[in-house]
$ cat model_39.txt   # compact mmCIF, C-alpha atoms and all ligand atoms
# COMPACT_ATOMS: atom_id res chain seq x y z
CA MET A 9 78.80 74.27 16.99
CA ILE A 10 78.35 72.98 13.46
CA ILE A 11 78.67 75.69 10.84
CA ASP A 12 79.22 75.97 7.10
CA PHE A 13 80.02 79.34 5.59
CA HIS A 14 80.97 78.15 2.08
CA THR A 15 78.59 76.06 -0.04
CA HIS A 16 77.33 75.96 -3.63
CA SER A 17 73.99 75.23 -5.27
CA HIS A 18 72.98 75.02 -8.89
CA ALA A 19 72.64 78.80 -8.90
CA SER A 20 76.36 78.49 -9.77
CA ASP A 21 78.28 75.22 -10.24
CA GLY A 22 76.79 73.08 -7.48
CA ALA A 23 74.63 70.03 -8.19
CA LEU A 24 71.80 70.62 -5.69
CA SER A 25 69.01 73.16 -5.74
CA PRO A 26 69.22 75.75 -2.94
CA ARG A 27 66.45 73.91 -1.07
CA GLU A 28 68.17 70.55 -1.45
CA LEU A 29 71.38 72.12 -0.15
CA LEU A 30 69.50 73.52 2.83
CA ALA A 31 67.97 70.08 3.53
CA GLU A 32 71.45 68.58 3.37
CA ALA A 33 72.67 71.13 5.93
CA VAL A 34 69.71 70.43 8.21
CA ASP A 35 70.49 66.69 8.07
CA ALA A 36 74.11 67.41 8.94
CA GLY A 37 73.03 69.41 12.00
CA VAL A 38 74.35 72.70 10.64
CA GLN A 39 73.26 75.56 12.92
CA GLN A 40 74.70 78.43 10.89
CA LEU A 41 74.78 78.22 7.11
CA ALA A 42 75.76 80.43 4.20
CA LEU A 43 75.06 79.61 0.56
CA THR A 44 77.97 81.20 -1.31
CA ASP A 45 77.46 80.66 -5.03
CA HIS A 46 80.04 82.09 -7.42
CA ASP A 47 79.24 85.72 -8.25
CA THR A 48 75.51 85.51 -7.54
CA VAL A 49 73.02 85.66 -4.67
CA ALA A 50 70.18 84.17 -6.74
CA GLY A 51 70.17 80.91 -4.74
CA TYR A 52 70.18 82.79 -1.45
CA ARG A 53 67.28 84.94 -2.63
CA ALA A 54 65.34 81.82 -3.60
CA LEU A 55 65.93 80.39 -0.12
CA ILE A 56 64.78 83.42 1.81
CA ASP A 57 61.70 83.59 -0.38
CA SER A 58 60.84 80.16 1.01
CA ALA A 59 62.04 80.91 4.55
CA GLU A 60 59.39 78.73 6.15
CA ALA A 61 61.71 75.84 5.28
CA LEU A 62 64.28 77.03 7.87
CA PRO A 63 64.20 74.89 11.00
CA ASP A 64 64.00 76.50 14.44
CA GLY A 65 67.26 77.96 15.64
CA MET A 66 69.08 77.60 12.33
CA ARG A 67 70.59 80.75 10.91
CA LEU A 68 70.99 81.36 7.21
CA LEU A 69 73.38 84.14 6.27
CA ALA A 70 73.48 86.05 3.03
CA GLY A 71 76.48 84.84 1.06
CA THR A 72 78.39 84.84 -2.20
CA GLU A 73 81.88 83.93 -3.44
CA LEU A 74 83.29 86.73 -5.58
CA SER A 75 85.90 86.13 -8.29
CA SER A 76 88.71 88.67 -8.23
CA LEU A 77 92.30 89.28 -9.18
CA TRP A 78 95.29 90.15 -7.02
CA SER A 79 98.85 90.28 -8.33
CA GLY A 80 97.98 88.01 -11.24
CA VAL A 81 96.33 85.42 -8.99
CA GLY A 82 92.61 84.64 -9.20
CA ILE A 83 91.46 85.15 -5.61
CA HIS A 84 88.03 84.19 -4.26
CA VAL A 85 86.47 86.46 -1.65
CA VAL A 86 83.51 85.13 0.30
CA GLY A 87 81.02 87.79 1.38
CA LEU A 88 78.80 87.03 4.36
CA GLY A 89 75.91 88.83 5.98
CA MET A 90 75.74 91.75 3.56
CA ASP A 91 72.56 93.55 2.56
CA VAL A 92 72.11 91.96 -0.86
CA ASP A 93 70.04 94.95 -1.98
CA HIS A 94 72.78 97.47 -1.24
CA PRO A 95 73.68 99.30 -4.49
CA ASP A 96 77.42 98.57 -4.19
CA ILE A 97 77.02 94.80 -3.99
CA ARG A 98 74.30 94.88 -6.64
CA GLN A 99 76.58 96.76 -9.02
CA GLY A 100 79.51 94.49 -8.19
CA LEU A 101 77.48 91.38 -8.91
CA ALA A 102 76.19 92.90 -12.16
CA LEU A 103 79.76 93.63 -13.21
CA LEU A 104 80.81 90.06 -12.36
CA ASP A 105 77.85 88.69 -14.28
CA SER A 106 79.04 90.53 -17.42
CA ALA A 107 82.63 89.49 -16.70
CA ARG A 108 81.58 85.83 -16.61
CA ARG A 109 79.80 86.15 -19.96
CA GLU A 110 82.77 87.95 -21.50
CA ARG A 111 85.14 85.34 -20.09
CA ALA A 112 82.99 82.49 -21.40
CA GLU A 113 83.32 83.97 -24.91
CA LEU A 114 87.11 84.18 -24.55
CA ILE A 115 87.37 80.61 -23.23
CA ALA A 116 85.13 79.34 -26.04
CA GLY A 117 87.21 81.16 -28.66
CA ARG A 118 90.34 79.46 -27.37
CA LEU A 119 88.73 76.02 -27.27
CA GLU A 120 87.34 76.46 -30.76
CA LYS A 121 90.86 77.20 -32.04
CA LEU A 122 91.86 73.86 -30.53
CA GLY A 123 89.22 72.04 -32.57
CA MET A 124 86.22 72.20 -30.27
CA PRO A 125 83.56 74.11 -32.22
CA GLY A 126 80.33 75.12 -30.51
CA ALA A 127 81.95 75.51 -27.08
CA LEU A 128 80.04 78.67 -26.14
CA ALA A 129 76.59 77.35 -27.02
CA GLY A 130 77.49 74.02 -25.43
CA ALA A 131 78.65 75.51 -22.13
CA GLU A 132 75.68 77.90 -22.08
CA ALA A 133 73.32 74.97 -22.51
CA GLU A 134 75.05 73.14 -19.63
CA ALA A 135 74.76 76.22 -17.44
CA GLY A 136 71.10 76.96 -18.18
CA VAL A 137 70.08 79.69 -15.72
CA SER A 138 73.12 79.05 -13.50
CA GLN A 139 76.05 81.44 -13.33
CA ILE A 140 78.27 80.13 -16.16
CA GLY A 141 81.74 78.86 -15.24
CA ARG A 142 84.52 76.52 -16.21
CA PRO A 143 82.71 73.45 -14.82
CA HIS A 144 80.02 73.99 -17.49
CA PHE A 145 82.69 73.95 -20.19
CA ALA A 146 84.08 70.79 -18.61
CA ALA A 147 80.65 69.12 -18.63
CA TRP A 148 80.16 70.01 -22.30
CA MET A 149 83.64 68.71 -23.21
CA VAL A 150 82.83 65.41 -21.52
CA ALA A 151 79.44 65.17 -23.29
CA GLU A 152 81.13 65.85 -26.67
CA GLY A 153 83.80 63.23 -26.02
CA HIS A 154 86.66 65.75 -26.11
CA VAL A 155 87.81 64.49 -22.70
CA ALA A 156 87.10 61.43 -20.56
CA ASP A 157 85.92 63.32 -17.48
CA ALA A 158 85.79 66.75 -15.87
CA ASN A 159 89.12 66.25 -14.14
CA GLN A 160 90.78 65.70 -17.49
CA ALA A 161 89.08 68.82 -18.86
CA PHE A 162 90.67 70.86 -16.05
CA ASP A 163 94.03 69.10 -16.27
CA LYS A 164 94.35 69.64 -20.02
CA TYR A 165 92.40 72.80 -20.83
CA LEU A 166 90.71 74.67 -17.99
CA GLY A 167 92.86 74.43 -14.87
CA ALA A 168 95.40 76.93 -13.55
CA GLY A 169 97.84 78.01 -16.26
CA LYS A 170 95.99 76.17 -19.05
CA VAL A 171 94.54 77.79 -22.15
CA GLY A 172 91.03 78.12 -20.68
CA ASP A 173 92.19 79.72 -17.44
CA VAL A 174 91.15 83.29 -18.26
CA LYS A 175 91.36 85.72 -15.33
CA THR A 176 91.65 89.07 -17.04
CA CYS A 177 87.95 89.84 -16.72
CA TRP A 178 87.86 89.85 -12.93
CA PRO A 179 87.79 93.00 -10.76
CA ALA A 180 90.60 93.77 -8.33
CA MET A 181 90.43 91.91 -5.01
CA ALA A 182 90.22 95.25 -3.18
CA ASP A 183 87.08 96.15 -5.16
CA ALA A 184 85.38 92.85 -4.34
CA VAL A 185 86.20 93.32 -0.65
CA GLY A 186 84.98 96.93 -0.84
CA TRP A 187 81.54 95.99 -2.23
CA ILE A 188 80.98 93.45 0.53
CA VAL A 189 82.06 95.81 3.29
CA ALA A 190 80.04 98.72 1.88
CA ALA A 191 76.98 96.47 1.98
CA GLY A 192 77.57 95.80 5.68
CA GLY A 193 79.03 92.32 5.18
CA THR A 194 82.15 90.49 6.29
CA ALA A 195 84.78 89.76 3.64
CA VAL A 196 86.50 86.37 4.01
CA LEU A 197 89.56 85.21 2.06
CA ALA A 198 88.41 81.85 0.67
CA HIS A 199 90.51 78.64 0.76
CA PRO A 200 93.95 80.33 1.13
CA LEU A 201 95.86 77.18 0.16
CA LYS A 202 94.10 76.66 -3.18
CA TYR A 203 96.07 79.46 -4.85
CA LYS A 204 99.35 77.61 -4.35
CA MET A 205 101.10 80.85 -3.41
CA THR A 206 104.30 80.80 -1.42
CA ARG A 207 103.85 81.62 2.24
CA VAL A 208 105.46 85.02 1.68
CA LYS A 209 103.09 85.84 -1.16
CA LEU A 210 100.05 84.64 0.79
CA LYS A 211 101.00 86.97 3.62
CA ARG A 212 101.41 89.88 1.20
CA CYS A 213 97.95 89.06 -0.12
CA LEU A 214 96.56 89.09 3.42
CA VAL A 215 98.07 92.51 4.10
CA ASP A 216 96.37 93.93 1.00
CA PHE A 217 93.15 92.05 1.79
CA MET A 218 93.03 93.60 5.27
CA ALA A 219 93.94 97.06 3.96
CA ALA A 220 90.87 96.80 1.70
CA GLY A 221 88.65 95.97 4.67
CA GLY A 222 88.79 92.15 4.80
CA THR A 223 88.52 90.81 8.35
CA ALA A 224 88.40 87.01 8.08
CA MET A 225 89.97 84.03 6.33
CA GLU A 226 88.95 80.43 5.95
CA VAL A 227 91.01 78.20 8.21
CA TYR A 228 88.94 75.17 7.25
CA SER A 229 88.00 74.29 3.69
CA GLY A 230 86.95 70.86 2.46
CA ARG A 231 89.66 68.32 1.68
CA GLN A 232 92.29 69.98 3.83
CA THR A 233 94.55 68.01 6.14
CA ARG A 234 94.44 68.74 9.86
CA GLU A 235 98.02 69.99 9.59
CA GLN A 236 96.99 72.52 6.92
CA THR A 237 94.08 73.66 9.08
CA ARG A 238 96.44 74.12 12.02
CA ASP A 239 98.78 76.16 9.86
CA LEU A 240 95.97 78.43 8.68
CA CYS A 241 94.69 78.91 12.24
CA LEU A 242 98.17 80.13 13.24
CA ILE A 243 98.26 82.56 10.30
CA ALA A 244 94.77 83.88 11.16
CA ASN A 245 95.90 84.49 14.74
CA GLU A 246 99.14 86.13 13.60
CA PHE A 247 97.19 88.59 11.44
CA GLY A 248 94.32 89.11 13.86
CA LEU A 249 91.86 87.72 11.31
CA LEU A 250 88.61 86.04 12.29
CA ALA A 251 88.63 82.34 11.43
CA SER A 252 85.91 81.09 9.08
CA ALA A 253 85.02 77.51 8.21
CA GLY A 254 83.28 76.28 5.08
CA SER A 255 83.16 72.96 3.26
CA ASP A 256 83.07 74.40 -0.29
CA PHE A 257 80.54 71.63 -0.96
CA HIS A 258 79.48 71.38 -4.62
CA ALA A 259 78.03 67.90 -5.05
CA HIS A 260 78.08 64.38 -3.67
CA TRP A 261 81.45 63.39 -5.02
CA ASP A 262 82.99 60.23 -3.55
CA TYR A 263 86.11 62.08 -2.51
CA GLY A 264 84.53 65.47 -1.87
CA PRO A 265 83.71 67.27 1.37
CA LYS A 266 80.38 66.87 3.15
CA VAL A 267 78.26 69.84 4.23
CA GLY A 268 79.01 71.09 7.75
CA PHE A 269 82.03 71.43 10.01
CA ASP A 270 82.24 71.06 13.77
CA ALA A 271 84.03 74.26 14.78
CA GLY A 272 84.79 72.72 18.18
CA LYS A 273 87.26 70.46 16.41
CA LEU A 274 89.65 73.17 15.21
CA PRO A 275 93.20 72.21 16.23
CA VAL A 276 94.13 75.69 17.52
CA GLU A 277 92.15 78.24 19.51
CA VAL A 278 91.01 81.03 17.19
CA GLU A 279 88.56 83.91 17.04
CA LEU A 280 85.82 81.99 15.25
CA LEU A 281 83.65 83.83 12.75
CA THR A 282 80.02 83.26 13.73
CA ALA A 283 76.66 84.68 12.70
CA GLU A 284 76.72 86.75 15.88
CA ARG A 285 80.06 88.33 14.92
CA ILE A 286 78.87 88.98 11.41
CA GLY A 287 75.90 90.76 12.90
CA ALA A 288 73.52 88.94 10.61
CA ALA A 289 69.80 89.00 11.30
P1 LIG A 301 85.15 79.37 -12.38
O1 LIG A 301 84.38 79.85 -11.18
O2 LIG A 301 84.35 79.42 -13.62
O3 LIG A 301 86.49 80.00 -12.50
O4 LIG A 301 85.41 77.82 -12.15
C1 LIG A 301 86.07 77.40 -10.99
C2 LIG A 301 85.34 76.22 -10.40
O5 LIG A 301 85.70 75.05 -11.10
C3 LIG A 301 85.73 75.95 -8.95
O6 LIG A 301 84.91 76.66 -8.08
C4 LIG A 301 85.48 74.48 -8.83
O7 LIG A 301 84.13 74.25 -8.53
C5 LIG A 301 85.75 73.95 -10.22
N1 LIG A 301 87.09 73.35 -10.36
C6 LIG A 301 88.27 73.95 -10.23
N2 LIG A 301 89.28 73.09 -10.47
C7 LIG A 301 88.72 71.92 -10.76
C8 LIG A 301 89.22 70.64 -11.12
N3 LIG A 301 90.54 70.41 -11.22
N4 LIG A 301 88.35 69.66 -11.36
C9 LIG A 301 87.01 69.89 -11.28
N5 LIG A 301 86.47 71.08 -10.95
C10 LIG A 301 87.31 72.09 -10.71
MN MN A 302 82.92 76.07 -7.88
MN MN A 303 86.59 79.10 -4.70
MN MN A 304 83.55 77.76 -3.58
$ encode --input "model_39.txt" --output "structure tokens"
Amino acid sequence: MIIDFHTHSHASDGALSPRELLAEAVDAGVQQLALTDHDTVAGYRALIDSAEALPDGMRLLAGTELSSLWSGVGIHVVGLGMDVDHPDIRQGLALLDSARRERAELIAGRLEKLGMPGALAGAEAEAGVSQIGRPHFAAWMVAEGHVADANQAFDKYLGAGKVGDVKTCWPAMADAVGWIVAAGGTAVLAHPLKYKMTRVKLKRCLVDFMAAGGTAMEVYSGRQTREQTRDLCLIANEFGLLASAGSDFHAHWDYGPKVGFDAGKLPVEVELLTAERIGAA
């Protein structure tokens, strides 16, 4: 079965509209899809408002990717299948929306000190109605000629450990998990290898994640080697976590992942997270 439980649209930092993303998934033969924009369900709402576009037999799950903090590490928690009108998730998303604005001001202040005036207005203009994030700062820095490309913007200013990597605004990981679970959804630890934690620390994170109510982790994320996927499958099995798969597609980058993943091709037998297990409509 071809699934994709981690994708982005221009409701956050993806390049495609929600409908274009859906069309992309249909072309790729995706049978179960979640649009998981950073800290918003606006793209998902837009899609279900035009639900006639869904082909027969395809399932679209409610989704989002929440920013959070655990032990000083910025952790992303994917929420799937929750009732997006539940007050807990609504309040959580509202809090994250303010946190993103507050963070954008802090990032801009730091960049301005480094000789990049107008960073806040510039990034806001890049974001438009999308949930503002570091990629919008990167796009503005490229447009202003401060850096050659977005990669350089992350390498020099915005990436992990750099001046623009502000995490203090995010809620605790346990809170993010709690909002998803309270709203009847499944909480998934996103791309476990992206945090560059030691194996011991990752396992400590998983213990806390499960204690908060998390029940799944991504064993497949775009641009992973098969060996890494195998490793993550073994960890999921060791912890009794459901195994999720998502491309983390953002745009048609030459080197980037495509939408969709054939779950039959996982290197190790796992308890696969599916729409049926999530209990989504
Ligand atoms: P934010 O959600 O605002 O913290 O921004 C994080 C987003 O920036 C990620 O979801 C990626 O889409 C993007 N990103 C992270 N690292 C890089 C990088 N090195 N180059 C380009 N984009 C990146
Ligand atoms: Mn992103
Ligand atoms: Mn992420
Ligand atoms: Mn993502």
$ closest_atom_pairs --input "model_39.txt" --of "chain A" --to "ligand MN 304 (chain A)" --cutoff "7 Å" --atoms "only C-alpha atoms and all ligand atoms" --output "CSV"
residue,atom,partner,partner_atom,distance
A:His14,CA,A:MN304,MN,6.2
A:Thr15,CA,A:MN304,MN,6.3
A:His16,CA,A:MN304,MN,6.5
A:Thr44,CA,A:MN304,MN,6.9
A:Asp45,CA,A:MN304,MN,6.9
A:His46,CA,A:MN304,MN,6.8
A:Glu73,CA,A:MN304,MN,6.4
A:Asp256,CA,A:MN304,MN,4.7
$ closest_atom_pairs --input "model_39.txt" --of "chain A" --to "ligand MN 302 (chain A)" --cutoff "7 Å" --atoms "only C-alpha atoms and all ligand atoms" --output "CSV"
residue,atom,partner,partner_atom,distance
A:Asp21,CA,A:MN302,MN,5.3
A:Gly22,CA,A:MN302,MN,6.8
A:His46,CA,A:MN302,MN,6.7
A:His258,CA,A:MN302,MN,6.7
$ residues_near_ligand --input "model_39.txt" --ligand "ligand MN 303 (chain A)" --cutoff "12 Å" --atoms "all atoms listed in the file" --output "count of residues only"
39
$ residues_near_ligand --input "model_39.txt" --ligand "ligand LIG 301 (chain A)" --cutoff "6 Å" --atoms "only C-alpha atoms and all ligand atoms" --output "PDB file with C-alpha atoms, keeping the file's coordinate frame"
ATOM      1  CA  GLY A 141      81.740  78.860 -15.240  1.00  0.00           C
ATOM      2  CA  ARG A 142      84.520  76.520 -16.210  1.00  0.00           C
ATOM      3  CA  PRO A 143      82.710  73.450 -14.820  1.00  0.00           C
ATOM      4  CA  ALA A 158      85.790  66.750 -15.870  1.00  0.00           C
ATOM      5  CA  ASN A 159      89.120  66.250 -14.140  1.00  0.00           C
ATOM      6  CA  PHE A 162      90.670  70.860 -16.050  1.00  0.00           C
ATOM      7  CA  GLY A 167      92.860  74.430 -14.870  1.00  0.00           C
TER       8      GLY A 167
END
$ closest_atom_pairs --input "model_39.txt" --of "range 163-228 of chain A" --to "range 109-122 of chain A" --cutoff "7 Å" --atoms "all atoms listed in the file" --output "Markdown table"
| residue | atom | partner | partner_atom | distance |
| --- | --- | --- | --- | --- |
| A:Val171 | CA | A:Arg118 | CA | 6.9 |
| A:Gly172 | CA | A:Ile115 | CA | 5.1 |
| A:Val174 | CA | A:Arg111 | CA | 6.6 |
| A:Cys177 | CA | A:Arg111 | CA | 6.3 |
$ closest_residue --input "model_39.txt" --among "A:Arg231, A:Asp183, A:Leu250, A:Ile188" --to "Asp262 in chain A" --atoms "all atoms listed in the file"
A:Arg231
$ closest_residue --input "model_39.txt" --among "A:Val92, A:Leu29, A:Ala107, A:Val267" --to "Ile140 in chain A" --atoms "all atoms listed in the file"
A:Ala107
$ residues_around --input "model_39.txt" --residues "Met9 in chain A" --least-positions-apart "3" --cutoff "12 Å" --atoms "all atoms listed in the file" --output "list of chain:residue names"
A:Asp12, A:Ala36, A:Gly37, A:Val38, A:Gln39, A:Gln40, A:Leu41, A:Met66, A:Ala253, A:Gly268, A:Phe269, A:Asp270, A:Ala271, A:Gly272, A:Lys273, A:Leu274, A:Leu280, A:Leu281, A:Thr282, A:Ala283
$ decode --input "model_39.txt" --residues "range 56-83 of chain A" --atoms "N, CA, C and O atoms" --output "CSV table (one decimal), in the first residue's frame"
chain,number,residue,atom,x,y,z
A,56,ILE,N,-10.5,19.7,2.8
A,56,ILE,CA,-11.8,19.0,3.1
A,56,ILE,C,-13.0,19.9,2.7
A,56,ILE,O,-14.1,19.4,2.4
A,57,ASP,N,-12.7,21.2,2.6
A,57,ASP,CA,-13.8,22.1,2.0
A,57,ASP,C,-14.0,21.8,0.6
A,57,ASP,O,-15.0,22.2,0.0
A,58,SER,N,-13.0,21.2,-0.1
A,58,SER,CA,-13.2,20.9,-1.5
A,58,SER,C,-13.0,19.4,-1.7
A,58,SER,O,-12.4,18.9,-2.6
A,59,ALA,N,-13.7,18.6,-0.8
A,59,ALA,CA,-13.6,17.2,-0.8
A,59,ALA,C,-14.0,16.5,-2.0
A,59,ALA,O,-13.6,15.3,-2.2
A,60,GLU,N,-14.7,17.1,-2.9
A,60,GLU,CA,-15.1,16.4,-4.1
A,60,GLU,C,-13.9,16.1,-5.0
A,60,GLU,O,-13.9,15.2,-5.8
A,61,ALA,N,-12.7,16.7,-4.6
A,61,ALA,CA,-11.5,16.4,-5.4
A,61,ALA,C,-10.9,15.1,-5.0
A,61,ALA,O,-10.0,14.6,-5.7
A,62,LEU,N,-11.3,14.5,-3.9
A,62,LEU,CA,-10.7,13.2,-3.5
A,62,LEU,C,-11.2,12.1,-4.4
A,62,LEU,O,-12.3,11.8,-4.5
A,63,PRO,N,-10.2,11.3,-4.9
A,63,PRO,CA,-10.6,10.2,-5.8
A,63,PRO,C,-11.2,9.1,-4.9
A,63,PRO,O,-10.9,9.0,-3.7
A,64,ASP,N,-11.9,8.2,-5.6
A,64,ASP,CA,-12.5,7.0,-4.9
A,64,ASP,C,-11.5,6.2,-4.2
A,64,ASP,O,-10.4,5.9,-4.7
A,65,GLY,N,-11.8,5.9,-2.9
A,65,GLY,CA,-10.9,4.9,-2.2
A,65,GLY,C,-9.7,5.6,-1.5
A,65,GLY,O,-9.0,5.0,-0.8
A,66,MET,N,-9.5,6.9,-1.9
A,66,MET,CA,-8.3,7.5,-1.2
A,66,MET,C,-8.8,8.1,0.1
A,66,MET,O,-9.9,8.6,0.2
A,67,ARG,N,-7.9,8.0,1.1
A,67,ARG,CA,-8.3,8.5,2.4
A,67,ARG,C,-7.3,9.6,2.8
A,67,ARG,O,-6.1,9.5,2.6
A,68,LEU,N,-7.9,10.7,3.2
A,68,LEU,CA,-7.2,11.9,3.6
A,68,LEU,C,-7.4,12.1,5.1
A,68,LEU,O,-8.5,12.2,5.6
A,69,LEU,N,-6.3,12.0,5.8
A,69,LEU,CA,-6.4,12.2,7.3
A,69,LEU,C,-6.1,13.6,7.7
A,69,LEU,O,-5.3,14.3,7.1
A,70,ALA,N,-6.7,14.0,8.8
A,70,ALA,CA,-6.3,15.3,9.4
A,70,ALA,C,-4.9,15.2,9.9
A,70,ALA,O,-4.4,14.1,10.4
A,71,GLY,N,-4.1,16.3,9.7
A,71,GLY,CA,-2.7,16.2,10.1
A,71,GLY,C,-2.1,17.5,10.4
A,71,GLY,O,-2.6,18.6,10.0
A,72,THR,N,-1.0,17.5,11.2
A,72,THR,CA,-0.2,18.7,11.4
A,72,THR,C,1.1,18.2,12.0
A,72,THR,O,1.3,17.1,12.4
A,73,GLU,N,2.1,19.1,11.9
A,73,GLU,CA,3.4,18.8,12.5
A,73,GLU,C,3.7,19.9,13.5
A,73,GLU,O,4.0,21.0,13.2
A,74,LEU,N,3.7,19.5,14.8
A,74,LEU,CA,3.8,20.5,15.9
A,74,LEU,C,5.2,20.7,16.3
A,74,LEU,O,6.0,19.7,16.5
A,75,SER,N,5.7,21.9,16.5
A,75,SER,CA,7.0,22.2,17.0
A,75,SER,C,7.0,22.1,18.5
A,75,SER,O,6.0,22.6,19.1
A,76,SER,N,8.0,21.5,19.1
A,76,SER,CA,8.0,21.4,20.5
A,76,SER,C,9.5,21.3,21.0
A,76,SER,O,10.4,21.2,20.2
A,77,LEU,N,9.6,21.2,22.3
A,77,LEU,CA,10.9,21.2,22.9
A,77,LEU,C,11.0,20.1,23.9
A,77,LEU,O,10.1,19.9,24.7
A,78,TRP,N,12.1,19.3,23.8
A,78,TRP,CA,12.3,18.2,24.8
A,78,TRP,C,13.8,18.3,25.1
A,78,TRP,O,14.6,18.1,24.2
A,79,SER,N,14.1,18.5,26.4
A,79,SER,CA,15.5,18.4,26.8
A,79,SER,C,16.5,19.3,25.9
A,79,SER,O,17.5,18.8,25.6
A,80,GLY,N,16.0,20.4,25.6
A,80,GLY,CA,16.8,21.4,24.8
A,80,GLY,C,16.8,21.1,23.3
A,80,GLY,O,17.5,21.8,22.5
A,81,VAL,N,16.1,20.0,22.9
A,81,VAL,CA,16.1,19.7,21.5
A,81,VAL,C,14.7,20.0,20.9
A,81,VAL,O,13.7,19.8,21.5
A,82,GLY,N,14.7,20.7,19.7
A,82,GLY,CA,13.5,21.0,19.0
A,82,GLY,C,13.0,19.7,18.4
A,82,GLY,O,13.6,19.2,17.4
A,83,ILE,N,11.8,19.2,18.9
A,83,ILE,CA,11.3,17.9,18.5
A,83,ILE,C,10.0,18.2,17.7
A,83,ILE,O,9.2,19.0,18.1
